[in-house]
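Shown next: entry26.txt, containing compact mmCIF, C-alpha atoms.
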# COMPACT_ATOMS: atom_id res chain seq x y z
CA MET L 1 6.81 30.04 13.96
CA LYS L 2 5.17 26.84 15.12
CA GLN L 3 1.68 27.81 14.03
CA ALA L 4 2.77 28.91 10.57
CA LEU L 5 1.83 25.62 8.92
CA ARG L 6 -1.61 25.56 10.42
CA ALA L 7 -2.22 29.19 9.48
CA TRP L 8 -1.12 28.40 5.95
CA TYR L 9 -3.40 25.39 5.74
CA GLY L 10 -6.35 27.47 6.95
CA LYS L 11 -5.60 30.11 4.36
CA ILE L 12 -5.31 27.78 1.40
CA ASP L 13 -8.27 25.71 2.60
CA ASP L 14 -10.45 28.84 2.69
CA TYR L 15 -9.25 29.94 -0.71
CA LEU L 16 -9.84 26.58 -2.40
CA ILE L 17 -13.27 26.09 -0.89
CA GLY L 18 -14.12 29.70 -1.75
CA SER L 19 -13.29 29.08 -5.38
CA GLY L 20 -15.65 26.15 -5.70
CA PHE L 21 -13.54 23.18 -4.73
CA GLN L 22 -14.94 20.37 -2.67
CA LYS L 23 -12.80 18.87 0.04
CA SER L 24 -12.77 15.10 0.12
CA LEU L 25 -14.07 13.92 3.47
CA SER L 26 -12.12 10.69 3.44
CA GLU L 27 -8.78 12.25 2.52
CA ALA L 28 -8.36 15.80 3.81
CA THR L 29 -5.62 16.75 1.37
CA ILE L 30 -7.65 16.18 -1.79
CA TYR L 31 -9.75 18.92 -3.33
CA VAL L 32 -11.98 18.34 -6.32
CA LYS L 33 -13.80 20.72 -8.59
CA LYS L 34 -16.22 19.67 -11.28
CA ILE L 35 -16.65 22.03 -14.22
CA ASN L 36 -19.15 20.78 -16.78
CA ASN L 37 -17.86 17.29 -17.52
CA ASP L 38 -14.27 17.88 -16.52
CA VAL L 39 -12.72 17.25 -13.16
CA LEU L 40 -9.89 19.20 -11.58
CA ILE L 41 -8.13 17.46 -8.72
CA ILE L 42 -5.66 19.04 -6.32
CA SER L 43 -3.51 17.21 -3.86
CA LEU L 44 -2.03 19.35 -1.13
CA TYR L 45 1.20 18.45 0.62
CA VAL L 46 2.10 21.21 3.10
CA ASP L 47 3.08 23.95 0.66
CA ASP L 48 3.31 21.81 -2.44
CA LEU L 49 0.33 21.47 -4.69
CA LEU L 50 -0.11 18.74 -7.24
CA VAL L 51 -2.68 19.59 -9.85
CA THR L 52 -4.26 17.23 -12.30
CA GLY L 53 -7.39 17.27 -14.36
CA SER L 54 -9.14 15.99 -17.42
CA ASN L 55 -8.88 19.35 -19.19
CA ILE L 56 -5.42 20.86 -19.69
CA GLN L 57 -6.83 24.33 -20.24
CA GLN L 58 -8.50 24.33 -16.83
CA VAL L 59 -5.30 23.17 -15.16
CA GLY L 60 -3.46 26.07 -16.80
CA GLU L 61 -6.09 28.57 -15.72
CA PHE L 62 -5.97 27.30 -12.16
CA LYS L 63 -2.19 27.60 -12.05
CA GLN L 64 -2.36 31.18 -13.35
CA LYS L 65 -4.87 32.09 -10.67
CA MET L 66 -2.84 30.50 -7.90
CA MET L 67 0.28 32.34 -8.98
CA GLN L 68 -1.60 35.62 -8.80
CA VAL L 69 -3.13 35.01 -5.39
CA PHE L 70 -0.21 33.28 -3.66
CA GLU L 71 3.51 33.61 -4.19
CA MET L 72 3.88 30.40 -6.10
CA THR L 73 5.97 29.16 -8.93
CA ASP L 74 4.94 26.65 -11.52
CA ILE L 75 7.68 24.06 -11.86
CA GLY L 76 5.84 22.28 -14.64
CA LEU L 77 5.45 18.55 -14.97
CA MET L 78 6.12 16.63 -11.75
CA ARG L 79 9.55 14.96 -11.96
CA PHE L 80 10.70 14.65 -8.39
CA PHE L 81 8.52 14.57 -5.29
CA LEU L 82 9.39 13.42 -1.77
CA GLU L 83 12.48 11.52 -2.90
CA MET L 84 10.50 9.83 -5.64
CA GLY L 85 11.43 10.19 -9.25
CA ILE L 86 8.45 10.40 -11.59
CA MET L 87 8.64 9.94 -15.32
CA GLN L 88 5.55 10.88 -17.25
CA SER L 89 4.69 10.34 -20.86
CA LYS L 90 1.46 10.13 -22.84
CA GLU L 91 1.00 6.42 -22.29
CA GLU L 92 2.53 5.76 -18.91
CA ILE L 93 3.75 7.10 -15.59
CA PHE L 94 6.76 5.49 -13.96
CA ILE L 95 7.58 6.08 -10.30
CA CYS L 96 10.83 4.96 -8.68
CA GLN L 97 13.18 5.84 -5.84
CA LYS L 98 16.45 5.16 -7.59
CA LYS L 99 18.34 8.05 -6.04
CA TYR L 100 17.08 7.35 -2.52
CA ALA L 101 17.86 3.64 -2.83
CA LYS L 102 21.40 4.45 -3.93
CA GLU L 103 21.86 6.73 -0.94
CA ILE L 104 20.69 4.00 1.44
CA LEU L 105 23.08 1.47 -0.05
CA LYS L 106 25.89 3.96 0.45
CA LYS L 107 24.81 4.82 3.98
CA PHE L 108 24.86 1.18 5.08
CA HIS L 109 27.95 0.27 3.04
CA ILE L 110 26.31 -2.29 0.77
CA GLU L 111 27.54 -0.78 -2.49
CA TYR L 112 29.93 -3.58 -3.33
CA CYS L 113 27.95 -6.62 -2.20
CA LYS L 114 26.60 -9.33 -4.41
CA PRO L 115 22.89 -8.84 -5.14
CA THR L 116 20.33 -11.51 -4.20
CA THR L 117 17.28 -12.59 -6.17
CA THR L 118 14.72 -12.46 -3.37
CA PRO L 119 14.49 -10.17 -0.34
CA MET L 120 14.01 -13.00 2.12
CA ASN L 121 15.09 -16.57 2.54
CA GLN L 122 12.09 -18.89 2.53
CA LYS L 123 13.37 -20.84 5.49
CA ASP L 124 13.95 -17.80 7.69
CA LYS L 125 11.71 -17.67 10.73
CA PHE L 126 12.25 -14.97 13.29
CA ASN L 127 11.54 -14.86 16.96
CA LYS L 128 12.37 -12.50 19.76
CA GLU L 129 14.92 -14.60 21.62
CA ASP L 130 17.03 -16.74 19.38
CA GLY L 131 20.34 -16.96 21.16
CA THR L 132 22.32 -14.74 18.83
CA THR L 133 23.87 -11.54 20.15
CA ARG L 134 21.99 -8.28 20.47
CA VAL L 135 22.93 -5.55 18.04
CA ASP L 136 22.79 -1.78 18.08
CA GLU L 137 19.12 -0.78 18.15
CA GLU L 138 19.69 2.65 16.71
CA LYS L 139 21.31 1.39 13.55
CA PHE L 140 18.65 -1.25 13.05
CA ARG L 141 15.84 1.25 13.52
CA SER L 142 17.36 3.64 11.06
CA LEU L 143 17.81 0.85 8.52
CA ILE L 144 14.22 -0.37 8.85
CA GLY L 145 12.96 3.21 8.65
CA CYS L 146 14.77 3.70 5.35
CA LEU L 147 13.45 0.40 3.99
CA LEU L 148 9.88 1.22 5.00
CA TYR L 149 10.04 4.40 2.99
CA LEU L 150 11.35 2.46 0.02
CA THR L 151 8.27 0.23 0.04
CA ALA L 152 6.35 3.17 -1.40
CA THR L 153 7.62 2.21 -4.85
CA ILE L 154 9.16 -1.22 -4.26
CA PRO L 155 6.23 -3.27 -2.96
CA ASP L 156 8.16 -6.54 -3.31
CA ILE L 157 10.19 -5.85 -0.16
CA LEU L 158 7.11 -4.92 1.86
CA ASN L 159 6.57 -8.29 3.50
CA ALA L 160 10.20 -8.78 4.54
CA THR L 161 10.47 -5.23 5.84
CA SER L 162 7.29 -5.19 7.86
CA LEU L 163 8.23 -8.55 9.33
CA LEU L 164 11.58 -7.21 10.52
CA SER L 165 10.02 -4.02 11.82
CA LEU L 166 8.34 -6.15 14.49
CA PHE L 167 11.76 -6.64 16.07
CA MET L 168 12.68 -3.00 16.26
CA HIS L 169 12.90 -3.12 20.08
CA CYS L 170 15.03 -6.26 20.32
CA PRO L 171 17.19 -6.64 17.22
CA HIS L 172 19.54 -9.60 17.15
CA GLU L 173 22.30 -10.60 14.81
CA ILE L 174 19.84 -12.69 12.75
CA HIS L 175 17.52 -9.73 12.20
CA ILE L 176 20.22 -7.38 11.00
CA ARG L 177 21.51 -10.10 8.71
CA ALA L 178 18.03 -10.44 7.19
CA ALA L 179 17.77 -6.66 6.84
CA LYS L 180 21.10 -6.61 5.02
CA ARG L 181 19.75 -9.25 2.69
CA ILE L 182 16.92 -6.90 1.75
CA LEU L 183 19.53 -4.24 1.03
CA ARG L 184 21.40 -6.68 -1.17
CA TYR L 185 18.16 -7.42 -2.98
CA ILE L 186 17.68 -3.69 -3.54
CA LYS L 187 21.22 -3.53 -4.88
CA GLY L 188 20.06 -5.67 -7.79
CA THR L 189 16.74 -3.90 -8.33
CA TYR L 190 17.18 -0.28 -7.25
CA SER L 191 16.15 1.08 -10.62
CA PHE L 192 12.84 -0.79 -10.41
CA GLY L 193 9.61 0.99 -9.70
CA VAL L 194 5.92 0.86 -10.47
CA LYS L 195 4.61 1.71 -13.89
CA PHE L 196 1.06 2.92 -14.42
CA LEU L 197 -0.30 2.44 -17.92
CA LYS L 198 -3.27 4.05 -19.55
CA TYR L 199 -6.53 2.15 -19.19
CA GLN L 200 -9.91 2.78 -20.65
CA GLU L 201 -11.91 1.16 -17.93
CA LEU L 202 -11.03 1.73 -14.31
CA ARG L 203 -12.38 -0.95 -12.02
CA LEU L 204 -11.33 -1.39 -8.46
CA HIS L 205 -10.29 -4.94 -7.70
CA GLY L 206 -8.89 -6.19 -4.41
CA PHE L 207 -6.78 -9.21 -3.50
CA SER L 208 -6.67 -10.57 -0.01
CA TYR L 209 -4.46 -13.28 1.34
CA SER L 210 -3.25 -14.58 4.65
CA ASP L 211 -0.46 -16.78 5.81
CA CYS L 212 -1.88 -18.86 8.62
CA GLY L 213 0.22 -19.07 11.78
CA GLY L 214 3.42 -17.66 10.35
CA PHE L 215 4.81 -16.30 13.60
CA ILE L 216 6.62 -18.63 15.96
CA ASP L 217 6.26 -16.46 19.05
CA ASP L 218 2.47 -16.27 19.20
CA MET L 219 1.15 -18.27 16.22
CA LYS L 220 -0.51 -15.25 14.72
CA SER L 221 -0.98 -14.81 11.00
CA THR L 222 -0.09 -12.19 8.43
CA SER L 223 -2.73 -10.41 6.38
CA GLY L 224 -1.78 -9.02 3.03
CA PHE L 225 -3.83 -7.13 0.50
CA CYS L 226 -3.45 -5.10 -2.64
CA PHE L 227 -5.78 -3.19 -4.92
CA ASN L 228 -5.63 -2.40 -8.57
CA LEU L 229 -7.44 -0.10 -10.95
CA GLY L 230 -7.11 -1.48 -14.43
CA SER L 231 -4.22 -3.87 -14.06
CA ILE L 232 -1.44 -2.33 -11.97
CA ILE L 233 -1.67 -2.31 -8.21
CA PHE L 234 -1.58 1.03 -6.44
CA SER L 235 -2.42 0.30 -2.82
CA TRP L 236 -0.80 -2.46 -0.78
CA SER L 237 -0.30 -3.55 2.77
CA SER L 238 1.12 -6.39 4.82
CA ASN L 239 0.14 -6.62 8.47
CA LYS L 240 0.46 -8.97 11.34
CA GLN L 241 -3.02 -9.83 12.53
CA LEU L 242 -3.48 -8.07 15.83
CA MET U 1 -8.51 -0.59 11.53
CA VAL U 2 -11.45 -2.50 12.87
CA ILE U 3 -9.51 -5.45 14.18
CA GLN U 4 -8.21 -4.41 17.56
CA GLN U 5 -8.66 -7.51 19.64
CA THR U 6 -6.10 -10.18 20.18
CA ILE U 7 -6.90 -12.91 17.71
CA VAL U 8 -5.06 -16.11 17.07
CA ALA U 9 -6.57 -17.79 14.06
CA GLN U 10 -7.44 -21.42 14.76
CA PHE U 11 -7.86 -22.57 11.20
CA THR U 12 -6.89 -21.19 7.81
CA ALA U 13 -10.33 -19.91 6.82
CA GLU U 14 -10.35 -17.76 9.92
CA ALA U 15 -7.03 -16.15 9.06
CA GLU U 16 -8.37 -15.49 5.56
CA PHE U 17 -11.53 -14.12 7.05
CA ILE U 18 -9.62 -11.62 9.19
CA ALA U 19 -7.47 -10.61 6.23
CA ALA U 20 -10.59 -10.14 4.10
CA THR U 21 -12.05 -7.81 6.71
CA THR U 22 -8.95 -5.61 6.61
CA THR U 23 -9.14 -5.59 2.83
CA VAL U 24 -12.81 -4.67 2.82
CA ASN U 25 -12.10 -1.73 5.13
CA GLN U 26 -9.52 -0.44 2.71
CA ALA U 27 -11.87 -1.06 -0.23
CA LEU U 28 -14.60 1.01 1.36
CA TRP U 29 -12.18 3.89 1.94
CA LEU U 30 -10.87 3.73 -1.63
CA GLN U 31 -14.45 3.72 -2.90
CA LYS U 32 -15.10 6.91 -0.98
CA ILE U 33 -12.06 8.63 -2.44
CA LEU U 34 -13.01 7.54 -5.95
CA CYS U 35 -16.51 8.81 -5.35
CA ASP U 36 -15.17 12.17 -4.14
CA SER U 37 -13.09 12.51 -7.30
CA HIS U 38 -16.17 11.75 -9.44
CA MET U 39 -15.04 8.30 -10.52
CA GLU U 40 -17.72 6.26 -8.78
CA GLU U 41 -17.61 2.51 -8.95
CA LYS U 42 -20.73 1.29 -10.68
CA GLU U 43 -20.66 -2.24 -9.41
CA ALA U 44 -19.59 -3.88 -6.19
CA THR U 45 -15.81 -4.01 -5.78
CA LYS U 46 -14.53 -7.53 -6.31
CA ILE U 47 -12.12 -8.95 -3.81
CA SER U 48 -10.29 -12.14 -4.70
CA ILE U 49 -9.68 -14.72 -2.03
CA ASP U 50 -8.26 -18.16 -2.63
CA ASN U 51 -10.16 -19.83 0.17
CA GLN U 52 -13.62 -21.13 -0.59
CA ALA U 53 -14.49 -21.72 3.05
CA ALA U 54 -13.95 -18.09 4.00
CA ILE U 55 -16.27 -16.96 1.20
CA GLU U 56 -18.97 -19.44 2.20
CA ILE U 57 -18.84 -18.33 5.81
CA SER U 58 -19.10 -14.71 4.76
CA HIS U 59 -22.23 -15.45 2.70
CA ASN U 60 -24.14 -17.78 4.87
CA PRO U 61 -25.08 -16.65 8.34
CA VAL U 62 -25.42 -20.19 9.64
CA PHE U 63 -23.70 -20.86 12.92
CA TYR U 64 -21.16 -23.49 11.92
CA GLY U 65 -19.46 -25.46 14.61
CA LYS U 66 -16.12 -24.31 13.30
CA THR U 67 -17.01 -20.64 13.33
CA LYS U 68 -18.42 -20.58 16.84
CA HIS U 69 -15.40 -18.79 18.22
CA PHE U 70 -15.24 -16.10 15.51
CA ASN U 71 -15.05 -12.58 16.71
CA ILE U 72 -18.43 -10.90 16.33
CA LYS U 73 -16.82 -7.81 14.81
CA LEU U 74 -15.75 -9.82 11.83
CA TYR U 75 -19.36 -10.48 10.86
CA PHE U 76 -19.23 -7.08 9.29
CA LEU U 77 -18.22 -8.88 6.08
CA ARG U 78 -21.74 -10.23 5.68
CA GLU U 79 -23.24 -6.81 6.05
CA VAL U 80 -21.12 -5.08 3.42
CA GLN U 81 -21.80 -7.86 0.95
CA ARG U 82 -25.52 -7.61 1.56
CA ASN U 83 -25.34 -3.85 0.94
CA GLY U 84 -23.64 -4.55 -2.38
CA ASP U 85 -20.50 -2.51 -1.67
CA VAL U 86 -18.10 -5.40 -1.94
CA LYS U 87 -18.19 -8.89 -3.37
CA LEU U 88 -15.85 -11.67 -2.35
CA ILE U 89 -14.92 -13.91 -5.25
CA TYR U 90 -12.82 -17.03 -5.48
CA CYS U 91 -9.57 -17.06 -7.40
CA ASN U 92 -6.86 -19.63 -7.96
CA SER U 93 -3.78 -19.45 -5.80
CA GLU U 94 -1.72 -18.71 -8.93
CA ASP U 95 -3.65 -15.51 -9.60
CA GLN U 96 -3.41 -14.35 -6.03
CA PHE U 97 -1.16 -11.28 -6.17
CA ALA U 98 -1.40 -10.61 -2.45
CA ASP U 99 0.64 -13.77 -1.88
CA LEU U 100 3.70 -11.57 -2.32
CA PHE U 101 2.82 -9.60 0.79
CA THR U 102 2.39 -12.43 3.23
CA LYS U 103 5.37 -14.73 3.01
CA ALA U 104 8.80 -15.36 1.54
CA LEU U 105 8.46 -17.07 -1.83
CA PRO U 106 10.71 -19.12 -4.10
CA VAL U 107 12.45 -17.14 -6.86
CA SER U 108 10.25 -18.28 -9.75
CA ILE U 109 6.92 -17.39 -8.12
CA PHE U 110 8.41 -14.21 -6.70
CA GLU U 111 9.56 -13.00 -10.10
CA PHE U 112 6.23 -13.88 -11.69
CA LEU U 113 4.14 -12.06 -9.10
CA LYS U 114 6.46 -9.07 -9.17
CA GLN U 115 5.87 -8.77 -12.88
CA MET U 116 2.12 -9.21 -12.45
CA ILE U 117 1.77 -6.40 -9.95
CA GLY U 118 3.62 -4.04 -12.26
CA VAL U 119 7.06 -3.67 -10.74
CA CYS U 120 9.60 -3.21 -13.50
CA SER U 121 12.67 -1.25 -14.47
CA SER U 122 11.84 2.05 -16.24
Using the file provided, produce a representation of the structure as structure tokens.
Amino acid sequence: MKQALRAWYGKIDDYLIGSGFQKSLSEATIYVKKINNDVLIISLYVDDLLVTGSNIQQVGEFKQKMMQVFEMTDIGLMRFFLEMGIMQSKEEIFICQKKYAKEILKKFHIEYCKPTTTPMNQKDKFNKEDGTTRVDEEKFRSLIGCLLYLTATIPDILNATSLLSLFMHCPHEIHIRAAKRILRYIKGTYSFGVKFLKYQELRLHGFSYSDCGGFIDDMKSTSGFCFNLGSIIFSWSSNKQL
Amino acid sequence: MVIQQTIVAQFTAEAEFIAATTTVNQALWLQKILCDSHMEEKEATKISIDNQAAIEISHNPVFYGKTKHFNIKLYFLREVQRNGDVKLIYCNSEDQFADLFTKALPVSIFEFLKQMIGVCSS
């Protein structure tokens, strides 16, 4: 049924708010409950719930309650979520997309290529009409789509990927060659990911940078930013200035 | 995103200025989420920029000859700084992690920044 998801969301939303959770206004999938000095945070993804909190006992109690009210199973510590592998220990959390990256390499037949050290050649400049032959749009789109999902844990390919995604409607030989270079870079680093360490003090710190006039077609610039809490970045973006 | 108009930056500080605005928008949103999860930021969020001119322009509401053409929407940076939500600070180009997200870099710098932002193997 088409409406099933919405009905489910309404149901769980009512239940969570009824049991004292507060819905975050800026991010509709986050619910927070404050009990004494402890915080219980729930992140909702369709029918998956991620629970975390400062008090393990409260997390356990919440899970028990949820299992009674809804037909849910507790699969314990998060290890795999949306194609992302998550390794948790007392001191650190490591997130990577090793399996997904391997699948992409296989899908685009890059398994046996020589890896490169950077995702993009410094001298490469792209424009819409460069004289080389047009290539299959469908394949290019699918490749860029896969790479964009990979940027969730491999931020180093973000700039190269978002640059190429601007040519989704008119891919040429040069663009697909650059995209293959990113794949070759991933070949060398597919087991890489982001590691979050434990920090006493959490302070939000942003970094903002722009590359002035990087595009040949219209002389527009690229904006890039990233944010960290403690010392590892957790939010990043690279955009062409509109 | 606030920036919707067609903008071609005419000098570097302007490009930085536009980038800073995007960053500030994200910072404000992150602040809200942190606040909702009871982890409020006590001080203004620092944002590092490696362009002194952009910071000066964002502080001082004087109508410089060079900033005449700036989009009025971008003056929002002054407001948020006055409210104490965000503070733009200067940093050296070497400590600028966001460099990685704007252009292709030589191997040595690329590897260094990659390490700095926390990308590593298991």
When you draw a straight line from CA of Gln88 (chain L) to CA of Leu113 (chain U), how long is it in Å?
-> 24.4 Å
Would you give me, as a tab-separated table, each residue of chain L having an atom within 8 Å of an atom of chain U, along with its shortest atom pair and that distance in Å to one decimal, using all atoms listed in the file and sorting by chain and residue number?
residue	atom	partner	partner_atom	distance
L:Ser24	CA	U:Asp36	CA	5.7
L:Leu25	CA	U:Asp36	CA	7.9
L:Ser26	CA	U:Ile33	CA	6.2
L:Glu27	CA	U:Ile33	CA	7.0
L:Val32	CA	U:Ser37	CA	6.0
L:Val39	CA	U:His38	CA	7.5
L:Ile41	CA	U:Ser37	CA	7.1
L:Phe94	CA	U:Ser122	CA	6.5
L:Thr117	CA	U:Val107	CA	6.7
L:Thr118	CA	U:Val107	CA	6.3
L:Pro119	CA	U:Ala104	CA	7.9
L:Met120	CA	U:Ala104	CA	5.7
L:Asn121	CA	U:Ala104	CA	6.5
L:Gln122	CA	U:Ala104	CA	4.9
L:Ile154	CA	U:Val119	CA	7.2
L:Pro155	CA	U:Val119	CA	7.8
L:Asp156	CA	U:Lys114	CA	6.6
L:Leu158	CA	U:Phe101	CA	6.4
L:Asn159	CA	U:Phe101	CA	4.8
L:Ala160	CA	U:Ala104	CA	7.4
L:Thr189	CA	U:Ser121	CA	7.8
L:Ser191	CA	U:Ser121	CA	5.7
L:Phe192	CA	U:Ser121	CA	4.1
L:Gly193	CA	U:Val119	CA	5.4
L:Val194	CA	U:Val119	CA	4.7
L:Lys195	CA	U:Gly118	CA	6.1
L:Phe196	CA	U:Gly118	CA	7.7
L:Arg203	CA	U:Glu41	CA	7.0
L:Leu204	CA	U:Thr45	CA	5.8
L:His205	CA	U:Lys46	CA	5.2
L:Gly206	CA	U:Ile47	CA	4.3
L:Phe207	CA	U:Ser48	CA	4.7
L:Ser208	CA	U:Ile49	CA	5.5
L:Tyr209	CA	U:Ala98	CA	5.6
L:Ser210	CA	U:Glu16	CA	5.3
L:Asp211	CA	U:Thr102	CA	5.8
L:Cys212	CA	U:Thr12	CA	5.6
L:Gly213	CA	U:Ala9	CA	7.3
L:Asp218	CA	U:Val8	CA	7.8
L:Met219	CA	U:Val8	CA	6.6
L:Lys220	CA	U:Val8	CA	5.2
L:Ser221	CA	U:Ala15	CA	6.5
L:Thr222	CA	U:Thr102	CA	5.8
L:Ser223	CA	U:Ala19	CA	4.7
L:Gly224	CA	U:Phe101	CA	5.1
L:Phe225	CA	U:Ala98	CA	5.2
L:Cys226	CA	U:Ala98	CA	5.9
L:Phe227	CA	U:Ala27	CA	8.0
L:Ser231	CA	U:Ile117	CA	7.7
L:Ile232	CA	U:Gly118	CA	5.3
L:Ile233	CA	U:Ile117	CA	5.6
L:Ser237	CA	U:Phe101	CA	7.1
L:Ser238	CA	U:Phe101	CA	5.4
L:Gln241	CA	U:Ile7	CA	7.2
L:Leu242	CA	U:Thr6	CA	5.5
Do you know which residues are at most 12 Å from region 79-81 of chain L counting only C-alpha atoms, after dropping those on the same chain fewer than 5 positions away, and could you put them as an MDAnalysis selection string?
-> chainID L and resid 45 48:50 86:89 93:100
Spatial neighbours of Cys146 (chain L), 12 Å, only C-alpha atoms, chain gap at least 4 places, as a list in words | Glu83, Gln97, Tyr100, Ala101, Lys102, Glu103, Ile104, Leu105, Lys107, Phe108, Lys139, Phe140, Arg141, Ser142, Leu150, Thr151, Ala152, Ile157, Thr161, Ser162, Ser165, Ala179, Ile182, Leu183 and Ile186 of chain L
Interatomic distance, CA of Cys113 (chain L) to CA of Thr132 (chain L) (Å, one decimal) |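 Separation between CA of Cys113 (chain L) and CA of Thr132 (chain L): 23.2 Å.
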Any chance you could work out the axis-aligned box around region 50-55 of chain U, listed atoms only, 6 Å on each side, giving centre and edge lengths in Å to one decimal, as AutoDock Vina command-line options?
--center_x -12.3 --center_y -19.3 --center_z 0.7 --size_x 20.0 --size_y 16.8 --size_z 18.6
Mind giving me the straight-line distance from CA of Met72 (chain L) to CA of Asp47 (chain L) in Å, one decimal?
-> 9.4 Å
From the structure just shown, export region 51-107 of chain L with C-alpha atoms as a PDB file, in the first residue's frame.
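Just written: out17.pdb:
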ATOM      1  CA  VAL L  51      18.980   4.579  19.615  1.00  0.00           C
ATOM      2  CA  THR L  52      21.747   6.217  21.559  1.00  0.00           C
ATOM      3  CA  GLY L  53      21.997   7.839  24.930  1.00  0.00           C
ATOM      4  CA  SER L  54      24.236   8.797  27.779  1.00  0.00           C
ATOM      5  CA  ASN L  55      22.772   6.123  30.061  1.00  0.00           C
ATOM      6  CA  ILE L  56      22.906   2.495  28.902  1.00  0.00           C
ATOM      7  CA  GLN L  57      20.175   1.450  31.296  1.00  0.00           C
ATOM      8  CA  GLN L  58      17.720   3.909  29.767  1.00  0.00           C
ATOM      9  CA  VAL L  59      18.562   2.720  26.269  1.00  0.00           C
ATOM     10  CA  GLY L  60      17.828  -0.851  27.367  1.00  0.00           C
ATOM     11  CA  GLU L  61      14.537   0.134  28.948  1.00  0.00           C
ATOM     12  CA  PHE L  62      13.486   1.989  25.834  1.00  0.00           C
ATOM     13  CA  LYS L  63      14.281  -0.989  23.633  1.00  0.00           C
ATOM     14  CA  GLN L  64      12.256  -3.301  25.888  1.00  0.00           C
ATOM     15  CA  LYS L  65       9.284  -0.959  25.694  1.00  0.00           C
ATOM     16  CA  MET L  66       9.495  -0.646  21.928  1.00  0.00           C
ATOM     17  CA  MET L  67       9.614  -4.393  21.510  1.00  0.00           C
ATOM     18  CA  GLN L  68       6.458  -4.722  23.578  1.00  0.00           C
ATOM     19  CA  VAL L  69       4.514  -2.035  21.760  1.00  0.00           C
ATOM     20  CA  PHE L  70       5.680  -2.683  18.191  1.00  0.00           C
ATOM     21  CA  GLU L  71       6.810  -5.859  16.505  1.00  0.00           C
ATOM     22  CA  MET L  72      10.473  -5.040  16.624  1.00  0.00           C
ATOM     23  CA  THR L  73      13.661  -6.925  17.063  1.00  0.00           C
ATOM     24  CA  ASP L  74      16.775  -5.671  18.736  1.00  0.00           C
ATOM     25  CA  ILE L  75      19.735  -6.424  16.511  1.00  0.00           C
ATOM     26  CA  GLY L  76      22.169  -5.027  19.036  1.00  0.00           C
ATOM     27  CA  LEU L  77      25.092  -2.780  18.262  1.00  0.00           C
ATOM     28  CA  MET L  78      24.892  -1.102  14.854  1.00  0.00           C
ATOM     29  CA  ARG L  79      27.277  -2.838  12.435  1.00  0.00           C
ATOM     30  CA  PHE L  80      25.788  -2.287   9.027  1.00  0.00           C
ATOM     31  CA  PHE L  81      23.431   0.490   7.996  1.00  0.00           C
ATOM     32  CA  LEU L  82      22.518   1.714   4.505  1.00  0.00           C
ATOM     33  CA  GLU L  83      25.518   0.024   2.892  1.00  0.00           C
ATOM     34  CA  MET L  84      27.823   1.495   5.506  1.00  0.00           C
ATOM     35  CA  GLY L  85      29.900  -0.677   7.742  1.00  0.00           C
ATOM     36  CA  ILE L  86      30.223   0.637  11.282  1.00  0.00           C
ATOM     37  CA  MET L  87      32.785  -0.562  13.768  1.00  0.00           C
ATOM     38  CA  GLN L  88      32.292   0.575  17.319  1.00  0.00           C
ATOM     39  CA  SER L  89      34.543   0.258  20.304  1.00  0.00           C
ATOM     40  CA  LYS L  90      34.911   2.120  23.580  1.00  0.00           C
ATOM     41  CA  GLU L  91      37.293   4.707  22.207  1.00  0.00           C
ATOM     42  CA  GLU L  92      36.287   5.106  18.593  1.00  0.00           C
ATOM     43  CA  ILE L  93      33.694   4.612  15.885  1.00  0.00           C
ATOM     44  CA  PHE L  94      34.854   3.800  12.377  1.00  0.00           C
ATOM     45  CA  ILE L  95      32.526   4.131   9.395  1.00  0.00           C
ATOM     46  CA  CYS L  96      33.387   2.869   5.920  1.00  0.00           C
ATOM     47  CA  GLN L  97      31.750   1.600   2.737  1.00  0.00           C
ATOM     48  CA  LYS L  98      34.236  -1.106   1.883  1.00  0.00           C
ATOM     49  CA  LYS L  99      31.676  -3.583   0.598  1.00  0.00           C
ATOM     50  CA  TYR L 100      29.813  -1.016  -1.487  1.00  0.00           C
ATOM     51  CA  ALA L 101      33.050   0.343  -2.961  1.00  0.00           C
ATOM     52  CA  LYS L 102      34.091  -3.170  -3.966  1.00  0.00           C
ATOM     53  CA  GLU L 103      30.754  -3.726  -5.668  1.00  0.00           C
ATOM     54  CA  ILE L 104      31.118  -0.496  -7.649  1.00  0.00           C
ATOM     55  CA  LEU L 105      34.606  -1.431  -8.798  1.00  0.00           C
ATOM     56  CA  LYS L 106      33.236  -4.753  -9.993  1.00  0.00           C
ATOM     57  CA  LYS L 107      30.228  -3.175 -11.668  1.00  0.00           C
TER      58      LYS L 107
END
